[in-house]
>>> print(open('query-v1.cif').read())   # mmCIF, N, CA and C atoms
data_run
#
loop_
_atom_site.label_atom_id
_atom_site.label_comp_id
_atom_site.auth_asym_id
_atom_site.auth_seq_id
_atom_site.Cartn_x
_atom_site.Cartn_y
_atom_site.Cartn_z
N MET T 26 8.29 -8.33 -33.67
CA MET T 26 8.93 -8.70 -32.43
C MET T 26 9.80 -9.94 -32.66
N THR T 27 11.03 -9.90 -32.22
CA THR T 27 11.92 -11.04 -32.40
C THR T 27 12.16 -11.72 -31.06
N ARG T 28 12.36 -12.99 -31.16
CA ARG T 28 12.64 -13.77 -29.95
C ARG T 28 14.15 -13.96 -29.81
N SER T 29 14.56 -14.01 -28.56
CA SER T 29 15.97 -14.24 -28.29
C SER T 29 16.30 -15.69 -28.64
N THR T 30 17.45 -15.91 -29.25
CA THR T 30 17.84 -17.27 -29.62
C THR T 30 18.71 -17.93 -28.57
N SER T 31 18.99 -17.22 -27.48
CA SER T 31 19.80 -17.83 -26.44
C SER T 31 18.98 -18.87 -25.68
N PRO T 32 19.62 -19.95 -25.25
CA PRO T 32 18.87 -21.00 -24.53
C PRO T 32 18.38 -20.49 -23.17
N ARG T 33 17.21 -20.93 -22.78
CA ARG T 33 16.65 -20.54 -21.49
C ARG T 33 17.35 -21.31 -20.39
N LYS T 34 17.55 -20.65 -19.27
CA LYS T 34 18.13 -21.33 -18.12
C LYS T 34 17.06 -22.16 -17.45
N LYS T 35 17.41 -23.38 -17.10
CA LYS T 35 16.48 -24.27 -16.44
C LYS T 35 16.32 -23.86 -14.99
N HIS T 36 15.09 -23.86 -14.51
CA HIS T 36 14.80 -23.52 -13.12
C HIS T 36 15.32 -24.63 -12.21
N VAL T 37 16.09 -24.26 -11.19
CA VAL T 37 16.61 -25.21 -10.22
C VAL T 37 15.92 -24.95 -8.89
N PRO T 38 15.10 -25.89 -8.41
CA PRO T 38 14.41 -25.67 -7.14
C PRO T 38 15.40 -25.52 -5.99
N GLN T 39 15.14 -24.56 -5.11
CA GLN T 39 15.99 -24.29 -3.96
C GLN T 39 15.26 -24.71 -2.68
N ARG T 40 15.98 -25.26 -1.72
CA ARG T 40 15.41 -25.63 -0.44
C ARG T 40 16.37 -25.20 0.67
N THR T 41 15.85 -25.05 1.88
CA THR T 41 16.64 -24.63 3.03
C THR T 41 16.88 -25.81 3.95
N CYS T 42 18.13 -26.00 4.33
CA CYS T 42 18.50 -27.03 5.31
C CYS T 42 18.00 -26.56 6.68
N VAL T 43 17.23 -27.42 7.38
CA VAL T 43 16.71 -27.01 8.68
C VAL T 43 17.80 -27.03 9.76
N GLY T 44 18.94 -27.64 9.48
CA GLY T 44 20.03 -27.66 10.44
C GLY T 44 20.84 -26.38 10.44
N CYS T 45 21.34 -25.96 9.25
CA CYS T 45 22.23 -24.80 9.17
C CYS T 45 21.56 -23.59 8.52
N ARG T 46 20.36 -23.75 7.99
CA ARG T 46 19.58 -22.67 7.37
C ARG T 46 20.18 -22.15 6.07
N GLN T 47 21.07 -22.91 5.43
CA GLN T 47 21.61 -22.51 4.13
C GLN T 47 20.66 -22.95 3.03
N VAL T 48 20.54 -22.14 1.98
CA VAL T 48 19.70 -22.47 0.84
C VAL T 48 20.59 -23.08 -0.24
N ASN T 49 20.18 -24.24 -0.73
CA ASN T 49 20.93 -24.95 -1.75
C ASN T 49 19.96 -25.59 -2.74
N PRO T 50 20.48 -26.04 -3.90
CA PRO T 50 19.61 -26.77 -4.82
C PRO T 50 19.03 -28.01 -4.13
N LYS T 51 17.79 -28.29 -4.44
CA LYS T 51 17.06 -29.38 -3.81
C LYS T 51 17.81 -30.72 -3.88
N ARG T 52 18.46 -30.99 -4.99
CA ARG T 52 19.16 -32.27 -5.18
C ARG T 52 20.38 -32.44 -4.27
N GLU T 53 20.89 -31.38 -3.69
CA GLU T 53 22.05 -31.47 -2.80
C GLU T 53 21.65 -31.82 -1.37
N LEU T 54 20.35 -31.85 -1.09
CA LEU T 54 19.87 -32.08 0.27
C LEU T 54 19.12 -33.40 0.37
N ILE T 55 19.00 -33.92 1.59
CA ILE T 55 18.24 -35.13 1.86
C ILE T 55 16.87 -34.73 2.38
N ARG T 56 15.83 -35.28 1.80
CA ARG T 56 14.46 -34.95 2.22
C ARG T 56 13.97 -35.97 3.24
N LEU T 57 13.36 -35.47 4.30
CA LEU T 57 12.71 -36.30 5.30
C LEU T 57 11.23 -35.98 5.25
N VAL T 58 10.39 -37.02 5.34
CA VAL T 58 8.96 -36.84 5.18
C VAL T 58 8.21 -37.38 6.40
N ARG T 59 7.21 -36.62 6.83
CA ARG T 59 6.32 -37.07 7.90
C ARG T 59 5.25 -37.95 7.27
N THR T 60 5.14 -39.19 7.72
CA THR T 60 4.12 -40.11 7.25
C THR T 60 3.39 -40.67 8.47
N PRO T 61 2.26 -41.34 8.27
CA PRO T 61 1.57 -41.97 9.41
C PRO T 61 2.43 -43.02 10.12
N GLN T 62 3.39 -43.61 9.41
CA GLN T 62 4.28 -44.62 10.01
C GLN T 62 5.47 -44.00 10.73
N GLY T 63 5.63 -42.71 10.65
CA GLY T 63 6.77 -42.02 11.27
C GLY T 63 7.54 -41.23 10.23
N ILE T 64 8.74 -40.82 10.59
CA ILE T 64 9.57 -40.05 9.68
C ILE T 64 10.33 -41.00 8.76
N VAL T 65 10.29 -40.68 7.46
CA VAL T 65 10.92 -41.53 6.44
C VAL T 65 11.93 -40.70 5.67
N ILE T 66 13.09 -41.29 5.37
CA ILE T 66 14.07 -40.64 4.50
C ILE T 66 13.62 -40.89 3.07
N ASP T 67 13.50 -39.82 2.30
CA ASP T 67 12.94 -39.89 0.95
C ASP T 67 14.03 -39.61 -0.08
N PRO T 68 14.74 -40.64 -0.56
CA PRO T 68 15.82 -40.41 -1.52
C PRO T 68 15.32 -39.88 -2.86
N SER T 69 14.09 -40.21 -3.26
CA SER T 69 13.57 -39.75 -4.54
C SER T 69 13.07 -38.30 -4.47
N GLY T 70 12.72 -37.83 -3.26
CA GLY T 70 12.20 -36.48 -3.10
C GLY T 70 10.78 -36.32 -3.58
N LYS T 71 10.06 -37.44 -3.75
CA LYS T 71 8.72 -37.37 -4.33
C LYS T 71 7.62 -37.96 -3.46
N LEU T 72 7.95 -38.44 -2.27
CA LEU T 72 6.91 -39.00 -1.41
C LEU T 72 5.92 -37.92 -1.00
N ALA T 73 4.67 -38.33 -0.85
CA ALA T 73 3.64 -37.40 -0.41
C ALA T 73 3.79 -37.17 1.09
N GLY T 74 3.54 -35.96 1.52
CA GLY T 74 3.60 -35.65 2.94
C GLY T 74 4.45 -34.42 3.20
N ARG T 75 4.38 -33.95 4.42
CA ARG T 75 5.15 -32.76 4.81
C ARG T 75 6.62 -33.14 4.87
N GLY T 76 7.47 -32.33 4.25
CA GLY T 76 8.88 -32.65 4.19
C GLY T 76 9.76 -31.57 4.77
N ALA T 77 10.99 -31.96 5.08
CA ALA T 77 12.03 -31.05 5.54
C ALA T 77 13.34 -31.55 4.93
N TYR T 78 14.31 -30.65 4.82
CA TYR T 78 15.56 -30.98 4.16
C TYR T 78 16.76 -30.77 5.07
N LEU T 79 17.76 -31.66 4.93
CA LEU T 79 19.02 -31.55 5.66
C LEU T 79 20.17 -31.85 4.70
N HIS T 80 21.32 -31.21 4.94
CA HIS T 80 22.52 -31.51 4.15
C HIS T 80 22.99 -32.93 4.44
N ARG T 81 23.87 -33.40 3.58
CA ARG T 81 24.47 -34.72 3.76
C ARG T 81 25.72 -34.61 4.64
N GLN T 82 25.57 -34.02 5.80
CA GLN T 82 26.69 -33.91 6.74
C GLN T 82 26.16 -34.02 8.16
N ARG T 83 26.94 -34.63 8.99
CA ARG T 83 26.52 -34.95 10.36
C ARG T 83 26.18 -33.71 11.19
N SER T 84 26.93 -32.62 11.01
CA SER T 84 26.69 -31.43 11.83
C SER T 84 25.28 -30.87 11.61
N CYS T 85 24.79 -30.88 10.39
CA CYS T 85 23.43 -30.40 10.12
C CYS T 85 22.39 -31.32 10.74
N TRP T 86 22.64 -32.62 10.69
CA TRP T 86 21.70 -33.57 11.28
C TRP T 86 21.65 -33.42 12.80
N GLU T 87 22.82 -33.19 13.42
CA GLU T 87 22.84 -33.00 14.88
C GLU T 87 22.02 -31.79 15.27
N LYS T 88 22.18 -30.68 14.54
CA LYS T 88 21.40 -29.47 14.82
C LYS T 88 19.92 -29.71 14.56
N GLY T 89 19.62 -30.39 13.47
CA GLY T 89 18.22 -30.65 13.11
C GLY T 89 17.51 -31.52 14.13
N LEU T 90 18.21 -32.53 14.64
CA LEU T 90 17.60 -33.45 15.61
C LEU T 90 17.38 -32.80 16.98
N LYS T 91 18.05 -31.67 17.23
CA LYS T 91 17.85 -30.97 18.51
C LYS T 91 16.49 -30.29 18.58
N GLY T 92 15.82 -30.13 17.45
CA GLY T 92 14.50 -29.52 17.51
C GLY T 92 14.00 -28.90 16.23
N ALA T 93 14.92 -28.45 15.37
CA ALA T 93 14.50 -27.77 14.14
C ALA T 93 13.75 -28.72 13.21
N LEU T 94 14.15 -29.98 13.16
CA LEU T 94 13.49 -30.95 12.29
C LEU T 94 12.06 -31.20 12.76
N ALA T 95 11.88 -31.41 14.04
CA ALA T 95 10.54 -31.64 14.59
C ALA T 95 9.64 -30.44 14.34
N GLN T 96 10.19 -29.26 14.48
CA GLN T 96 9.42 -28.04 14.25
C GLN T 96 9.03 -27.92 12.77
N ALA T 97 9.96 -28.22 11.87
CA ALA T 97 9.68 -28.12 10.44
C ALA T 97 8.63 -29.14 10.00
N LEU T 98 8.67 -30.33 10.61
CA LEU T 98 7.70 -31.37 10.26
C LEU T 98 6.41 -31.27 11.08
N ARG T 99 6.41 -30.35 12.05
CA ARG T 99 5.25 -30.11 12.91
C ARG T 99 4.83 -31.37 13.66
N LEU T 100 5.79 -31.97 14.35
CA LEU T 100 5.52 -33.16 15.17
C LEU T 100 6.57 -33.30 16.24
N GLU T 101 6.35 -34.21 17.16
CA GLU T 101 7.35 -34.58 18.16
C GLU T 101 8.03 -35.85 17.68
N LEU T 102 9.35 -35.87 17.71
CA LEU T 102 10.08 -37.08 17.30
C LEU T 102 9.86 -38.17 18.33
N THR T 103 9.48 -39.36 17.87
CA THR T 103 9.36 -40.50 18.77
C THR T 103 10.75 -41.08 19.00
N ALA T 104 10.88 -41.90 20.04
CA ALA T 104 12.17 -42.53 20.32
C ALA T 104 12.60 -43.40 19.15
N GLU T 105 11.65 -44.07 18.53
CA GLU T 105 11.96 -44.93 17.38
C GLU T 105 12.46 -44.11 16.20
N ASP T 106 11.79 -42.97 15.90
CA ASP T 106 12.23 -42.09 14.82
C ASP T 106 13.63 -41.55 15.09
N ARG T 107 13.85 -41.08 16.32
CA ARG T 107 15.13 -40.52 16.70
C ARG T 107 16.25 -41.56 16.54
N THR T 108 16.01 -42.79 16.98
CA THR T 108 17.01 -43.85 16.87
C THR T 108 17.34 -44.14 15.41
N ARG T 109 16.31 -44.24 14.58
CA ARG T 109 16.51 -44.53 13.15
C ARG T 109 17.28 -43.40 12.46
N LEU T 110 16.93 -42.15 12.78
CA LEU T 110 17.61 -41.01 12.16
C LEU T 110 19.05 -40.87 12.65
N GLU T 111 19.28 -41.14 13.92
CA GLU T 111 20.66 -41.09 14.45
C GLU T 111 21.53 -42.17 13.82
N ALA T 112 20.95 -43.36 13.57
CA ALA T 112 21.70 -44.43 12.92
C ALA T 112 22.08 -44.00 11.50
N PHE T 113 21.16 -43.37 10.78
CA PHE T 113 21.47 -42.88 9.43
C PHE T 113 22.52 -41.77 9.50
N MET T 114 22.41 -40.91 10.50
CA MET T 114 23.33 -39.79 10.66
C MET T 114 24.77 -40.29 10.83
N GLN T 115 24.95 -41.42 11.49
CA GLN T 115 26.30 -41.95 11.72
C GLN T 115 26.97 -42.40 10.42
N THR T 116 26.19 -42.62 9.36
CA THR T 116 26.77 -43.02 8.08
C THR T 116 27.23 -41.82 7.26
N LEU T 117 26.89 -40.62 7.70
CA LEU T 117 27.22 -39.40 6.96
C LEU T 117 28.59 -38.87 7.34
N PRO T 118 29.25 -38.13 6.42
CA PRO T 118 30.54 -37.52 6.76
C PRO T 118 30.35 -36.40 7.77
N ALA T 119 31.39 -36.13 8.56
CA ALA T 119 31.32 -35.07 9.57
C ALA T 119 31.17 -33.70 8.92
N GLU T 120 31.85 -33.46 7.82
CA GLU T 120 31.75 -32.18 7.09
C GLU T 120 31.57 -32.45 5.62
N HIS T 121 30.85 -31.57 4.95
CA HIS T 121 30.61 -31.67 3.51
C HIS T 121 31.83 -31.13 2.77
N ASP T 122 32.18 -31.74 1.64
CA ASP T 122 33.34 -31.29 0.84
C ASP T 122 33.17 -29.85 0.39
N GLY T 123 34.14 -29.02 0.71
CA GLY T 123 34.17 -27.66 0.21
C GLY T 123 33.29 -26.67 0.96
N GLU T 124 32.68 -27.07 2.05
CA GLU T 124 31.82 -26.14 2.81
C GLU T 124 32.35 -25.98 4.22
N GLU T 125 32.09 -24.85 4.77
CA GLU T 125 32.41 -24.50 6.17
C GLU T 125 33.78 -24.86 6.51
#
>>> encode(input="query-v1.cif", output="C-alpha cells")
Amino acid sequence: MTRSTSPRKKHVPQRTCVGCRQVNPKRELIRLVRTPQGIVIDPSGKLAGRGAYLHRQRSCWEKGLKGALAQALRLELTAEDRTRLEAFMQTLPAEHDGEE
C-alpha cells in the first residue's frame, strides 16, 4: 500500500453568523461569549463559555441584537450588555468588503 505524497489540506473551522446566517471560516467572525459578568467580546476565540459569532459589519450586528444573539447565547440581553455591544457596533463598517 502506498501513501499519497500530496500535502493534506488543513481543516478550517466553520461558524455561522447569527445575524445573516452565512457560514464562514471562524477567523473571519467575531465571537461573543456569555459569562457570569455579562456578554464579552472574545477576540482570541478561546474564552470558556457559550459563544455566538457575528461578522465584522454593522448590518449583522443590528440583526443579531434584535434577538438572534440572545437566542444563540440562551439569555436576555441586559441594558448594560446592549449598550456595550451597540457602542462596539458603531466602530464597525456598514458593509464588509466584497460581500452583499
>>> select_by_dssp(input="query-v1.cif", residues="chain T", states="strand (DSSP E or B)", output="ChimeraX atom specification")
/T:39-42,48-50,54-60,63-67,76-80
>>> residues_around(input="query-v1.cif", residues="Gly70 (chain T)", least_positions_apart="6", cutoff="10 Å", atoms="only C-alpha atoms", output="list of chain:residue names")
T:Lys51, T:Arg52, T:Leu54, T:Ile55, T:Arg56, T:Leu57, T:Val58, T:Gly76, T:Tyr78
>>> closest_residue(input="query-v1.cif", among="T:Arg33, T:Ala77, T:Thr41, T:Pro118", to="Leu94 (chain T)", atoms="all atoms listed in the file")
T:Ala77
>>> resolve_selection(input="query-v1.cif", expression="the PyMOL selection byres ((chain T and resi 108-116) around 8)", output="list in words")
Ile64, Arg81, Gln82, Arg83, Ser84, Trp86, Glu87, Leu102, Thr103, Ala104, Glu105, Asp106, Arg107, Leu117, Pro118 and Ala119 of chain T
>>> atom_distance(input="query-v1.cif", atom1="CA of Val43 (chain T)", atom2="CA of Cys85 (chain T)")
7.7 Å
>>> select_by_dssp(input="query-v1.cif", residues="chain T", states="alpha helix (DSSP H)", output="ChimeraX atom specification")
/T:83-88,94-98,104-114
>>> residues_near_point(input="query-v1.cif", point="(5.6, -37.2, 9.9)", cutoff="8 Å", atoms="all atoms listed in the file", output="MDAnalysis selection string")
chainID T and resid 57:65 74:76 98:101
>>> axis_aligned_box(input="query-v1.cif", around="region 41-51 of chain T", padding_each_side="3 Å", output="AutoDock Vina command-line options")
--center_x 19.0 --center_y -26.4 --center_z 2.8 --size_x 12.4 --size_y 14.6 --size_z 21.3
>>> atom_distance(input="query-v1.cif", atom1="atom N of Gly89 (chain T)", atom2="atom C of Cys42 (chain T)")
8.0 Å
>>> decode(input="query-v1.cif", residues="region 30-51 of chain T", atoms="N, CA and C atoms", output="PDB file, in the first residue's frame")
ATOM      1  N   THR T  30       1.603  11.375  -1.692  1.00  0.00           N
ATOM      2  CA  THR T  30       2.620  12.337  -1.285  1.00  0.00           C
ATOM      3  C   THR T  30       2.118  13.770  -1.335  1.00  0.00           C
ATOM      4  N   SER T  31       0.859  13.948  -1.723  1.00  0.00           N
ATOM      5  CA  SER T  31       0.332  15.305  -1.767  1.00  0.00           C
ATOM      6  C   SER T  31       0.072  15.807  -0.341  1.00  0.00           C
ATOM      7  N   PRO T  32       0.289  17.098  -0.107  1.00  0.00           N
ATOM      8  CA  PRO T  32       0.084  17.629   1.247  1.00  0.00           C
ATOM      9  C   PRO T  32      -1.397  17.592   1.638  1.00  0.00           C
ATOM     10  N   ARG T  33      -1.651  17.322   2.898  1.00  0.00           N
ATOM     11  CA  ARG T  33      -3.024  17.286   3.393  1.00  0.00           C
ATOM     12  C   ARG T  33      -3.541  18.706   3.552  1.00  0.00           C
ATOM     13  N   LYS T  34      -4.807  18.882   3.263  1.00  0.00           N
ATOM     14  CA  LYS T  34      -5.422  20.183   3.464  1.00  0.00           C
ATOM     15  C   LYS T  34      -5.722  20.363   4.934  1.00  0.00           C
ATOM     16  N   LYS T  35      -5.405  21.528   5.452  1.00  0.00           N
ATOM     17  CA  LYS T  35      -5.655  21.822   6.848  1.00  0.00           C
ATOM     18  C   LYS T  35      -7.139  22.089   7.059  1.00  0.00           C
ATOM     19  N   HIS T  36      -7.684  21.531   8.128  1.00  0.00           N
ATOM     20  CA  HIS T  36      -9.096  21.740   8.462  1.00  0.00           C
ATOM     21  C   HIS T  36      -9.302  23.185   8.915  1.00  0.00           C
ATOM     22  N   VAL T  37     -10.278  23.858   8.327  1.00  0.00           N
ATOM     23  CA  VAL T  37     -10.611  25.230   8.699  1.00  0.00           C
ATOM     24  C   VAL T  37     -11.976  25.211   9.381  1.00  0.00           C
ATOM     25  N   PRO T  38     -12.029  25.528  10.686  1.00  0.00           N
ATOM     26  CA  PRO T  38     -13.317  25.512  11.381  1.00  0.00           C
ATOM     27  C   PRO T  38     -14.285  26.525  10.780  1.00  0.00           C
ATOM     28  N   GLN T  39     -15.532  26.118  10.620  1.00  0.00           N
ATOM     29  CA  GLN T  39     -16.575  26.972  10.051  1.00  0.00           C
ATOM     30  C   GLN T  39     -17.569  27.349  11.158  1.00  0.00           C
ATOM     31  N   ARG T  40     -18.061  28.575  11.131  1.00  0.00           N
ATOM     32  CA  ARG T  40     -19.063  29.029  12.084  1.00  0.00           C
ATOM     33  C   ARG T  40     -20.130  29.822  11.333  1.00  0.00           C
ATOM     34  N   THR T  41     -21.312  29.926  11.931  1.00  0.00           N
ATOM     35  CA  THR T  41     -22.432  30.640  11.324  1.00  0.00           C
ATOM     36  C   THR T  41     -22.646  31.967  12.035  1.00  0.00           C
ATOM     37  N   CYS T  42     -22.751  33.027  11.258  1.00  0.00           N
ATOM     38  CA  CYS T  42     -23.073  34.354  11.793  1.00  0.00           C
ATOM     39  C   CYS T  42     -24.541  34.338  12.223  1.00  0.00           C
ATOM     40  N   VAL T  43     -24.827  34.730  13.480  1.00  0.00           N
ATOM     41  CA  VAL T  43     -26.211  34.708  13.941  1.00  0.00           C
ATOM     42  C   VAL T  43     -27.025  35.859  13.345  1.00  0.00           C
ATOM     43  N   GLY T  44     -26.362  36.841  12.750  1.00  0.00           N
ATOM     44  CA  GLY T  44     -27.075  37.949  12.128  1.00  0.00           C
ATOM     45  C   GLY T  44     -27.597  37.612  10.744  1.00  0.00           C
ATOM     46  N   CYS T  45     -26.708  37.132   9.852  1.00  0.00           N
ATOM     47  CA  CYS T  45     -27.094  36.885   8.462  1.00  0.00           C
ATOM     48  C   CYS T  45     -27.186  35.399   8.122  1.00  0.00           C
ATOM     49  N   ARG T  46     -26.774  34.528   9.032  1.00  0.00           N
ATOM     50  CA  ARG T  46     -26.842  33.067   8.869  1.00  0.00           C
ATOM     51  C   ARG T  46     -25.886  32.535   7.799  1.00  0.00           C
ATOM     52  N   GLN T  47     -24.868  33.301   7.404  1.00  0.00           N
ATOM     53  CA  GLN T  47     -23.867  32.809   6.457  1.00  0.00           C
ATOM     54  C   GLN T  47     -22.802  32.029   7.212  1.00  0.00           C
ATOM     55  N   VAL T  48     -22.293  30.968   6.591  1.00  0.00           N
ATOM     56  CA  VAL T  48     -21.227  30.163   7.181  1.00  0.00           C
ATOM     57  C   VAL T  48     -19.903  30.647   6.604  1.00  0.00           C
ATOM     58  N   ASN T  49     -18.963  30.941   7.494  1.00  0.00           N
ATOM     59  CA  ASN T  49     -17.647  31.418   7.099  1.00  0.00           C
ATOM     60  C   ASN T  49     -16.587  30.804   8.000  1.00  0.00           C
ATOM     61  N   PRO T  50     -15.305  30.914   7.598  1.00  0.00           N
ATOM     62  CA  PRO T  50     -14.246  30.459   8.499  1.00  0.00           C
ATOM     63  C   PRO T  50     -14.320  31.207   9.831  1.00  0.00           C
ATOM     64  N   LYS T  51     -14.045  30.495  10.889  1.00  0.00           N
ATOM     65  CA  LYS T  51     -14.152  31.030  12.241  1.00  0.00           C
ATOM     66  C   LYS T  51     -13.369  32.339  12.419  1.00  0.00           C
TER      67      LYS T  51
END
